[in-house]
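Peer 1: My structure is in structure.csv, and what it holds is CSV, C-alpha atoms:
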```
chain,number,residue,atom,x,y,z
O,11,MET,CA,266.0,49.8,280.4
O,12,SER,CA,263.1,52.1,281.1
O,13,ASN,CA,259.7,51.2,282.2
O,14,ASN,CA,258.1,54.4,281.0
O,15,ASN,CA,260.7,56.5,279.2
O,16,LEU,CA,259.6,59.6,281.1
O,17,ILE,CA,262.0,61.9,283.0
O,18,ASP,CA,260.4,63.8,285.8
O,19,LEU,CA,262.9,66.3,287.4
O,20,HIS,CA,260.4,67.3,290.1
O,21,LEU,CA,259.9,63.7,291.1
O,22,ILE,CA,263.7,63.1,291.1
O,23,GLU,CA,264.0,66.2,293.4
O,24,GLN,CA,261.4,64.7,295.8
O,25,LEU,CA,263.2,61.4,295.8
O,26,LEU,CA,266.5,63.1,296.7
O,27,LYS,CA,264.6,65.0,299.5
O,28,SER,CA,263.1,61.7,300.8
O,29,ASP,CA,264.3,59.4,303.5
O,30,PHE,CA,265.5,56.8,301.1
O,31,GLU,CA,269.1,56.0,301.9
O,32,ASN,CA,271.8,56.6,299.3
O,33,TYR,CA,272.8,52.9,299.2
O,34,LYS,CA,269.2,51.8,298.5
O,35,ILE,CA,268.9,54.3,295.6
O,36,ALA,CA,272.3,53.3,294.3
O,37,ALA,CA,271.5,49.6,294.5
O,38,ALA,CA,268.2,50.0,292.7
O,39,THR,CA,269.5,52.4,289.9
O,40,GLY,CA,273.1,51.4,289.4
O,41,ILE,CA,274.1,55.0,290.1
O,42,SER,CA,276.9,55.5,292.6
O,43,GLU,CA,276.3,56.6,296.1
O,44,GLU,CA,278.7,59.4,295.6
O,45,THR,CA,276.6,60.7,292.7
O,46,ILE,CA,273.4,60.5,294.8
O,47,GLN,CA,275.1,62.3,297.6
O,48,ALA,CA,276.4,65.0,295.3
O,49,LEU,CA,272.9,65.5,294.0
O,50,ARG,CA,271.5,65.7,297.5
O,51,SER,CA,274.1,68.2,298.7
O,52,GLY,CA,273.7,70.4,295.7
O,53,LYS,CA,277.3,69.9,294.5
O,54,ARG,CA,275.7,68.4,291.4
O,55,LYS,CA,272.6,69.7,289.7
O,56,ILE,CA,269.7,67.4,288.7
O,57,GLU,CA,269.5,69.3,285.4
O,58,SER,CA,273.1,68.3,284.6
O,59,LEU,CA,272.5,64.5,284.9
O,60,LYS,CA,273.1,62.2,282.0
O,61,LEU,CA,269.8,61.3,280.4
O,62,ASP,CA,270.3,57.6,281.4
O,63,TYR,CA,270.8,58.6,285.1
O,64,ALA,CA,267.8,60.9,285.1
O,65,GLU,CA,265.7,58.1,283.5
O,66,ARG,CA,266.8,55.6,286.1
O,67,LEU,CA,266.1,57.9,289.0
O,68,SER,CA,262.7,58.8,287.6
O,69,ASN,CA,261.8,55.2,287.2
O,70,PHE,CA,262.9,54.4,290.8
O,71,ALA,CA,260.9,57.4,292.1
O,72,TYR,CA,257.8,56.4,290.1
O,73,GLN,CA,258.0,52.9,291.6
O,74,ASN,CA,258.2,54.4,295.1
O,75,ILE,CA,256.0,57.5,294.7
O,76,GLU,CA,253.5,56.4,297.3
O,77,VAL,CA,256.2,56.1,299.9
O,78,ILE,CA,257.8,59.4,299.0
O,79,SER,CA,254.4,61.3,299.0
O,80,LYS,CA,253.2,59.9,302.3
O,81,GLU,CA,256.5,60.6,304.0
O,82,ARG,CA,256.6,64.2,302.7
O,83,GLN,CA,252.9,64.8,303.6
O,84,SER,CA,253.6,63.6,307.2
O,85,MET,CA,256.6,65.9,307.5
O,86,ASN,CA,254.6,68.9,306.1
O,87,TYR,CA,251.8,68.2,308.6
O,88,TRP,CA,254.1,68.2,311.6
O,89,ILE,CA,256.1,71.3,310.5
O,90,ALA,CA,252.8,73.2,309.9
O,91,LYS,CA,251.6,72.1,313.3
O,92,LEU,CA,255.0,73.2,314.8
O,93,LEU,CA,254.8,76.7,313.2
O,94,LYS,CA,251.3,77.2,314.7
O,95,SER,CA,252.2,75.8,318.1
O,96,GLY,CA,253.4,79.0,319.8
O,97,ILE,CA,256.9,77.6,320.4
O,98,GLY,CA,259.4,80.4,319.7
O,99,ASP,CA,261.9,80.4,316.9
O,100,LYS,CA,264.7,80.8,319.4
O,101,GLU,CA,263.8,77.5,321.1
O,102,ILE,CA,263.1,75.6,317.9
O,103,ALA,CA,266.4,76.8,316.3
O,104,ALA,CA,268.4,75.8,319.4
O,105,LYS,CA,266.9,72.4,319.9
O,106,ALA,CA,266.2,71.4,316.3
O,107,GLY,CA,269.4,72.8,314.8
O,108,VAL,CA,267.6,74.9,312.2
O,109,SER,CA,268.4,78.6,311.6
O,110,ARG,CA,266.1,81.3,312.8
O,111,THR,CA,266.3,82.8,309.3
O,112,THR,CA,264.7,79.6,307.9
O,113,LEU,CA,262.0,79.7,310.6
O,114,TYR,CA,261.3,83.4,309.9
O,115,ALA,CA,261.0,82.7,306.1
O,116,LEU,CA,258.5,79.9,306.8
O,117,ARG,CA,256.4,82.0,309.2
O,118,SER,CA,256.4,85.0,306.9
O,119,GLY,CA,255.5,83.1,303.8
O,120,LYS,CA,258.7,83.9,302.0
O,121,ARG,CA,259.4,80.1,301.9
O,122,GLN,CA,257.0,77.2,301.8
O,123,ILE,CA,257.4,74.0,303.9
O,124,LYS,CA,257.5,71.9,300.7
O,125,GLU,CA,260.7,73.8,299.7
O,126,LEU,CA,262.7,72.7,302.7
O,127,HIS,CA,265.7,70.5,302.1
O,128,PHE,CA,265.0,67.0,303.5
O,129,PRO,CA,267.5,67.2,306.4
O,130,THR,CA,266.0,70.4,307.7
O,131,ALA,CA,262.4,69.1,307.3
O,132,LYS,CA,263.4,65.9,309.1
O,133,ARG,CA,264.9,67.8,312.1
O,134,LEU,CA,261.8,70.1,312.3
O,135,THR,CA,259.6,67.0,312.1
O,136,LYS,CA,261.4,65.2,314.9
O,137,PHE,CA,261.3,68.3,317.1
O,138,ALA,CA,257.6,68.7,316.5
O,139,GLN,CA,256.8,65.1,317.2
O,140,LYS,CA,258.7,65.3,320.4
O,141,HIS,CA,257.3,68.6,321.7
O,142,ILE,CA,253.8,68.7,320.3
O,143,ARG,CA,250.9,66.4,321.1
```
Would you encode the structure as structure tokens?

Peer 2:
Amino acid sequence: MSNNNLIDLHLIEQLLKSDFENYKIAAATGISEETIQALRSGKRKIESLKLDYAERLSNFAYQNIEVISKERQSMNYWIAKLLKSGIGDKEIAAKAGVSRTTLYALRSGKRQIKELHFPTAKRLTKFAQKHIR
């Protein structure tokens, strides 16, 4: 079944943080949407996947790595720009729906942009694109 027989947990994590919709991943891998959602929400750990599932997700991610990388790079760019913009955490938190604790952790260096969960990164990116030019 595998194209490359390699399992890359980091790449699976990036896939799960990406903008690929659950149904697209499910259709391409044969893994249920419920399982994909459980992985994305943290109810199920990537490390506990069956080897076959991990292999399927890795293969899908490898096939789509360019899309995943470009999307994440764009999000990281906009979030970095937002953090340097001078817009206060209170305003960002209120309008983007992100906790001030998260923003403080990013600004203080206790957390890196690349570590953000996809939904949080997406909200911050949308806010940045709307409020910064």

Peer 1: Go through segment 59-82 of chain O and flag each residue having an atom no more than 9 Å from segment 24-28 of chain O; for those, report the closest pair of atoms plus their distance in Å to one decimal, using all atoms listed in the file, ordered by chain and rising number, as a Markdown table.

Peer 2:
```
| residue | atom | partner | partner_atom | distance |
| --- | --- | --- | --- | --- |
| O:Leu67 | CA | O:Leu25 | CA | 8.2 |
| O:Ser68 | CA | O:Leu25 | CA | 8.6 |
| O:Phe70 | CA | O:Leu25 | CA | 8.6 |
| O:Ala71 | CA | O:Leu25 | CA | 5.9 |
| O:Asn74 | CA | O:Leu25 | CA | 8.6 |
| O:Ile75 | CA | O:Leu25 | CA | 8.3 |
| O:Val77 | CA | O:Ser28 | CA | 8.9 |
| O:Ile78 | CA | O:Ser28 | CA | 6.1 |
| O:Ser79 | CA | O:Gln24 | CA | 8.4 |
| O:Glu81 | CA | O:Ser28 | CA | 7.4 |
| O:Arg82 | CA | O:Ser28 | CA | 7.2 |
```

Peer 1: Give me a file of those residues, with C-alpha atoms, as a PDB file, in the coordinates of the input.

Peer 2:
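Resulting contents of again_33.pdb:
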```
ATOM      1  CA  LEU O  67     266.100  57.900 289.000  1.00  0.00           C
ATOM      2  CA  SER O  68     262.700  58.800 287.600  1.00  0.00           C
ATOM      3  CA  PHE O  70     262.900  54.400 290.800  1.00  0.00           C
ATOM      4  CA  ALA O  71     260.900  57.400 292.100  1.00  0.00           C
ATOM      5  CA  ASN O  74     258.200  54.400 295.100  1.00  0.00           C
ATOM      6  CA  ILE O  75     256.000  57.500 294.700  1.00  0.00           C
ATOM      7  CA  VAL O  77     256.200  56.100 299.900  1.00  0.00           C
ATOM      8  CA  ILE O  78     257.800  59.400 299.000  1.00  0.00           C
ATOM      9  CA  SER O  79     254.400  61.300 299.000  1.00  0.00           C
ATOM     10  CA  GLU O  81     256.500  60.600 304.000  1.00  0.00           C
ATOM     11  CA  ARG O  82     256.600  64.200 302.700  1.00  0.00           C
TER      12      ARG O  82
END
```

Peer 1: Rounded to one decimal place, report the atom CA of Lys124 of chain O-atom CA of Ser95 of chain O distance in Å.

Peer 2: 18.6 Å

Peer 1: Which one is closest to Ser51 of chain O: O:Lys91, O:Ile97, O:Asn86, O:Asn32? Count all atoms listed in the file.

Peer 2: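 Smallest separation from Ser51 of chain O among the options: O:Asn32.
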
Peer 1: Enumerate, as a list in words, the protein, DNA and RNA residues whose atoms approach (268.7, 60.5, 282.4) to within 12 Å, taking into account all atoms listed in the file and the coordinate frame of the file.

Peer 2: Met11, Ser12, Asn15, Leu16, Ile17, Asp18, Leu19, Ile22, Thr39, Ile41, Ile56, Glu57, Ser58, Leu59, Lys60, Leu61, Asp62, Tyr63, Ala64, Glu65, Arg66, Leu67, Ser68, Asn69 and Phe70 of chain O

Peer 1: Here is a test: counting all atoms listed in the file, which residue of O:Lys80, O:Lys53, O:His141, O:Arg121 is nearest to Lys105 of chain O?

Peer 2: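 Using all atoms listed in the file, the shortest distance to Lys105 of chain O belongs to O:His141.
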
Peer 1: One number please: atom CA of Ile89 of chain O to atom CA of Arg133 of chain O, in Å, one decimal.

Peer 2: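 Answer for the atom CA of Ile89 of chain O to atom CA of Arg133 of chain O separation: 9.6 Å.
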
Peer 1: Give me, please, the distance in Å between atom CA of Arg50 of chain O and atom CA of Lys100 of chain O, quoted to one decimal.

Peer 2: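 Taking atom CA of Arg50 of chain O and atom CA of Lys100 of chain O, their separation equals 27.5 Å.
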
Peer 1: Between O:Gly40, O:Ala48, O:Leu93, O:Thr135, which is the closest to Gln122 of chain O once you count only C-alpha atoms?

Peer 2: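 Nearest to Gln122 of chain O: O:Leu93.
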
Peer 1: Since the input is missing atoms for segment 117-128 of chain O, could you rebuild it with all heavy atoms and give the result as a compact mmCIF listing (two decimals), keeping the file's coordinate frame?

Peer 2:
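Once written, part.txt looks like this:
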```
# COMPACT_ATOMS: atom_id res chain seq x y z
N ARG O 117 257.52 81.28 308.52
CA ARG O 117 256.40 82.00 309.20
C ARG O 117 255.90 83.16 308.38
O ARG O 117 254.72 83.46 308.39
CB ARG O 117 256.83 82.42 310.58
CG ARG O 117 257.00 81.28 311.57
CD ARG O 117 257.18 81.84 312.98
NE ARG O 117 257.68 80.87 313.91
CZ ARG O 117 256.91 80.03 314.63
NH1 ARG O 117 255.61 80.06 314.47
NH2 ARG O 117 257.46 79.20 315.47
N SER O 118 256.79 83.83 307.69
CA SER O 118 256.40 85.00 306.90
C SER O 118 255.85 84.71 305.54
O SER O 118 255.37 85.58 304.85
CB SER O 118 257.61 85.96 306.78
OG SER O 118 258.59 85.36 305.95
N GLY O 119 255.97 83.45 305.15
CA GLY O 119 255.50 83.10 303.80
C GLY O 119 256.46 83.25 302.71
O GLY O 119 256.15 83.02 301.55
N LYS O 120 257.68 83.68 303.04
CA LYS O 120 258.70 83.90 302.00
C LYS O 120 259.23 82.52 301.50
O LYS O 120 259.84 82.45 300.44
CB LYS O 120 259.86 84.70 302.53
CG LYS O 120 259.46 86.14 302.80
CD LYS O 120 260.63 86.95 303.29
CE LYS O 120 260.18 88.39 303.56
NZ LYS O 120 261.25 89.22 304.08
N ARG O 121 258.98 81.49 302.29
CA ARG O 121 259.40 80.10 301.90
C ARG O 121 258.30 79.17 302.32
O ARG O 121 257.68 79.33 303.36
CB ARG O 121 260.69 79.80 302.65
CG ARG O 121 261.36 78.55 302.17
CD ARG O 121 262.79 78.49 302.65
NE ARG O 121 263.40 77.29 302.13
CZ ARG O 121 264.49 76.78 302.63
NH1 ARG O 121 265.09 77.36 303.65
NH2 ARG O 121 265.00 75.69 302.12
N GLN O 122 258.07 78.18 301.48
CA GLN O 122 257.00 77.20 301.80
C GLN O 122 257.66 75.95 302.40
O GLN O 122 258.83 75.62 302.12
CB GLN O 122 256.30 76.81 300.51
CG GLN O 122 255.50 77.96 299.93
CD GLN O 122 254.74 77.52 298.69
OE1 GLN O 122 254.73 76.36 298.30
NE2 GLN O 122 254.07 78.47 298.06
N ILE O 123 256.88 75.26 303.20
CA ILE O 123 257.40 74.00 303.90
C ILE O 123 257.87 73.04 302.85
O ILE O 123 258.93 72.43 303.04
CB ILE O 123 256.26 73.43 304.75
CG1 ILE O 123 255.91 74.37 305.90
CG2 ILE O 123 256.68 72.06 305.28
CD1 ILE O 123 254.66 73.97 306.68
N LYS O 124 257.16 72.89 301.75
CA LYS O 124 257.50 71.90 300.70
C LYS O 124 258.89 72.19 300.09
O LYS O 124 259.48 71.33 299.45
CB LYS O 124 256.45 71.74 299.69
CG LYS O 124 256.26 72.94 298.81
CD LYS O 124 255.14 72.72 297.82
CE LYS O 124 255.00 73.93 296.91
NZ LYS O 124 253.94 73.73 295.93
N GLU O 125 259.39 73.42 300.25
CA GLU O 125 260.70 73.80 299.70
C GLU O 125 261.86 73.45 300.56
O GLU O 125 263.00 73.59 300.13
CB GLU O 125 260.69 75.30 299.38
CG GLU O 125 259.68 75.74 298.35
CD GLU O 125 259.58 77.25 298.24
OE1 GLU O 125 260.01 77.97 299.16
OE2 GLU O 125 259.04 77.72 297.23
N LEU O 126 261.59 73.04 301.79
CA LEU O 126 262.70 72.70 302.70
C LEU O 126 263.51 71.56 302.22
O LEU O 126 262.97 70.59 301.68
CB LEU O 126 262.13 72.39 304.09
CG LEU O 126 261.55 73.51 304.92
CD1 LEU O 126 260.88 72.95 306.17
CD2 LEU O 126 262.62 74.52 305.29
N HIS O 127 264.80 71.65 302.43
CA HIS O 127 265.70 70.50 302.10
C HIS O 127 265.31 69.40 303.12
O HIS O 127 264.92 69.66 304.26
CB HIS O 127 267.14 70.89 302.29
CG HIS O 127 267.60 71.84 301.24
ND1 HIS O 127 267.87 71.44 299.96
CD2 HIS O 127 267.80 73.17 301.27
CE1 HIS O 127 268.23 72.48 299.25
NE2 HIS O 127 268.19 73.55 300.01
N PHE O 128 265.45 68.18 302.66
CA PHE O 128 265.00 67.00 303.50
C PHE O 128 265.63 67.02 304.87
O PHE O 128 264.90 66.84 305.85
CB PHE O 128 265.32 65.72 302.75
CG PHE O 128 264.87 64.54 303.54
CD1 PHE O 128 263.53 64.18 303.55
CD2 PHE O 128 265.76 63.82 304.30
CE1 PHE O 128 263.11 63.10 304.30
CE2 PHE O 128 265.35 62.75 305.05
CZ PHE O 128 264.02 62.38 305.06
```
